[in-house]
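**Q** What follows is a single structure, and I will ask about it in a moment.
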Amino acid sequence: MMLLATLLLAAGVSLEIAPQGTADMTGAVMDAVDAARAAGGGEIRFAKGAYHFRSPSRMRFFVSNHDNPDPRNVFVPLTNVTDVALVAGSADFVFHGEGVGLMLSDARNVTVRGIRLDYAVPFFTEARFMRYDGGCPVVRTAPPQFALAVEDGKLVSVGEGWKGKPRLAGVFSHKTGVFGGWRWFDGKATDLGGGVFRIEDDWRKVRFAAPPEPDDVIQIRDGYRPNPTVFVCRARGTVFEDCVIHSSAGIGILAQRSENITVRGSGRAEERKAGSFVKPGAGRLTSLQADATHFSNCKGKITVENCLFEGMSDDAINVHSTCLMIETKPAADRILCRYKHKQSVGFEVFLPGESLRYIRARTLETAEKTVKVMSAEMKAFDLVELTLAEPVPAGIGVGDAVENADWQPAVDFKRNIVRNSTPRATLFTTPGRVLCEGNLFDHVAGQAVHMSADARDWYESGACSDVTVRGNVFRDCMICGGKGVIQIDPNVKDLKAQKARYHRNILIEDNVFEQEIGPLVFARSVSNLVWRANRVTGDKSFDIEFCEGVKFDEP
């Protein structure tokens, strides 16, 4: 192993690391990180090749939009670092076992460049469809990358130090990689020997968009999200350039309570320098079990550009706040708030000095005035007591919700390609300015651009106030469902009682729609929605309800 360190004047350290075959590189890389931290910054350069990580640290923390094993494995934790760069021309980080691959926590001005991240064994299984047997699909796996077994009559996926219980099957064309639909099942299966299994579930009446044909890929997974590949928390000024996530047990890059994050490629998206997609030659179609990028309770500017996102089992980008339900009001100026979704608990939604906004759960209407949080005390992993600078206003009570009005970012999502993904492509739920421009959305299973919010399910909030969708190409989206190619549908319990619409100021212009399936736009609870100068081939329908100030040119 080669590890060189040289002190640079006023710039921290400069270190170089070279790969050593399949040997564990955890110690060498963490020594370099420790040296950079001690020097107040520096650059760690990785020579071309594969770096294997086999010795994760055990750490305790909560991650938004994931299940929360306690403790977690973390292979490369960068904590409490400033002005550090991980730089490579062409390096592969390969993680063995389950855990967060790369963690940036309490970090300032960290850049990661030219690194591809993957797991030795993916956290899902792909099999090939062979035939039907009495309506039940018969499939064969492709060891050693994918391994299935039957235990107590049910399928089990087997990885490095972990087992999964697959209950969700998705169909992908072996010719095009296009998604054809999915099916939940109870896991019952029969091992026919030689890597061949019969899934004991009658698919004859399943309405697939494209029923499986011989050799089509059957993706089998359990929906469990233990960890993202990259976790960013309490960080500021983070840049990922020419980085690729090839595999994840959850989300590719998950950022929470962080400020000013950039994910970009140095060339065009077609050049495959950045994003999330399967490693060439890997022999599979699926990249990630969930979103490619996800920004929860962040602020400042989020930029994602020149990236290719392909083969994910969820969004290319998801931006939102997390709102909490008011469970009780112990005093006039105190509220006890509950984290309501089991995969979004424990992380800081409020800290003292930050601004709180009330949300009326029945209508999703928000109070115009915000209030300062004086203290925030965690009572349990899913319960926090907030003391406020002012009494809770009349009309706000138990069952309503609160969100942090300070941690809601602006977003640029530009010049990306999103294709063969399920179920959506993008999800924006933030009052910060959103620009979705110059992207190609190609064969997305559901909606390509989604603006939502709720205070009854995921509790993801952030009313959009300035959104521009411009210069994009939408090609054969909604092949497996969705309400609209562009879908704006906050989950409002009582729309008729709503006095102010939830989302506002949305401009859709100069896009190309090549769609046999519509509607092109589904909009609910929007004020000031403008459609102009778009070119349409195929379906030309719209579905608009409970909206105001709608201006549509002829499609």
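Letters A, B, ... go to the chains of the structure tokens in the order shown; residues in each chain start at 1; ligands are counted from 1 in the same order.
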Mind checking which residues fall within 12 Å of stretch 13-25 of chain A, counting only C-alpha atoms, ignoring those fewer than 2 positions away in the same chain, and posting them as a VMD selection string?
**A** chain A and resid 1 to 11 27 to 56 75 to 76 83 to 88 90 to 96 120
**Q** I'd like the contact shell of A:Tyr502 - 12 Å cut-off, only C-alpha atoms, skipping same-chain residues fewer than 2 positions apart - returned as number ranges by chain.
**A** A: 359-361, 363-367, 429-431, 451-454, 461-465, 488-492, 495, 498-500, 504-506, 523-528, 546-548
**Q** Could you give me, as a count of residues only, the residues within 12 Å of A:Leu324, counting only C-alpha atoms and dropping anything in the same chain fewer than 4 positions from it?
**A** 41
**Q** Between stretch 113-178 of chain A and stretch 264-280 of chain A, at 12 Å or less, what are the per-residue closest atom pairs and their distances in Å? Count only C-alpha atoms, order by chain and rising residue number, and return it as JSON lines.
**A**
{"residue": "A:Arg113", "atom": "CA", "partner": "A:Gly265", "partner_atom": "CA", "distance": 9.6}
{"residue": "A:Gly114", "atom": "CA", "partner": "A:Lys273", "partner_atom": "CA", "distance": 8.1}
{"residue": "A:Ile115", "atom": "CA", "partner": "A:Ala274", "partner_atom": "CA", "distance": 9.3}
{"residue": "A:Arg116", "atom": "CA", "partner": "A:Ala274", "partner_atom": "CA", "distance": 8.7}
{"residue": "A:Leu117", "atom": "CA", "partner": "A:Ser276", "partner_atom": "CA", "distance": 9.5}
{"residue": "A:Asp118", "atom": "CA", "partner": "A:Lys279", "partner_atom": "CA", "distance": 8.4}
{"residue": "A:Tyr119", "atom": "CA", "partner": "A:Lys279", "partner_atom": "CA", "distance": 10.8}
{"residue": "A:Ala120", "atom": "CA", "partner": "A:Lys279", "partner_atom": "CA", "distance": 11.6}
{"residue": "A:Pro122", "atom": "CA", "partner": "A:Val278", "partner_atom": "CA", "distance": 10.7}
{"residue": "A:Gly177", "atom": "CA", "partner": "A:Val278", "partner_atom": "CA", "distance": 11.5}
**Q** Using DSSP on the backbone coordinates, identify the residues of stretch 268-515 of chain A assigned to helix (DSSP H, G or I); present them as a PyMOL selection string.
**A** chain A and resi 269-271+495-497
**Q** Write the selection just made, keeping C-alpha atoms, as a PDB file, in the first residue's frame?
**A**
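Done, and the output landed in out-v5.pdb:
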ATOM      1  CA  ALA A 269     -25.430  13.663 -18.901  1.00  0.00           C
ATOM      2  CA  GLU A 270     -24.960  11.285 -21.846  1.00  0.00           C
ATOM      3  CA  GLU A 271     -21.278  11.000 -20.962  1.00  0.00           C
ATOM      4  CA  LEU A 495     -60.476  20.725  -0.496  1.00  0.00           C
ATOM      5  CA  LYS A 496     -63.906  22.355  -0.331  1.00  0.00           C
ATOM      6  CA  ALA A 497     -63.037  23.972   2.990  1.00  0.00           C
TER       7      ALA A 497
END
**Q** What's the separation between atom CA of A:Cys323 and atom CA of A:Gly482, in Å to one decimal place?
**A**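 These two atoms are separated by 24.7 Å.
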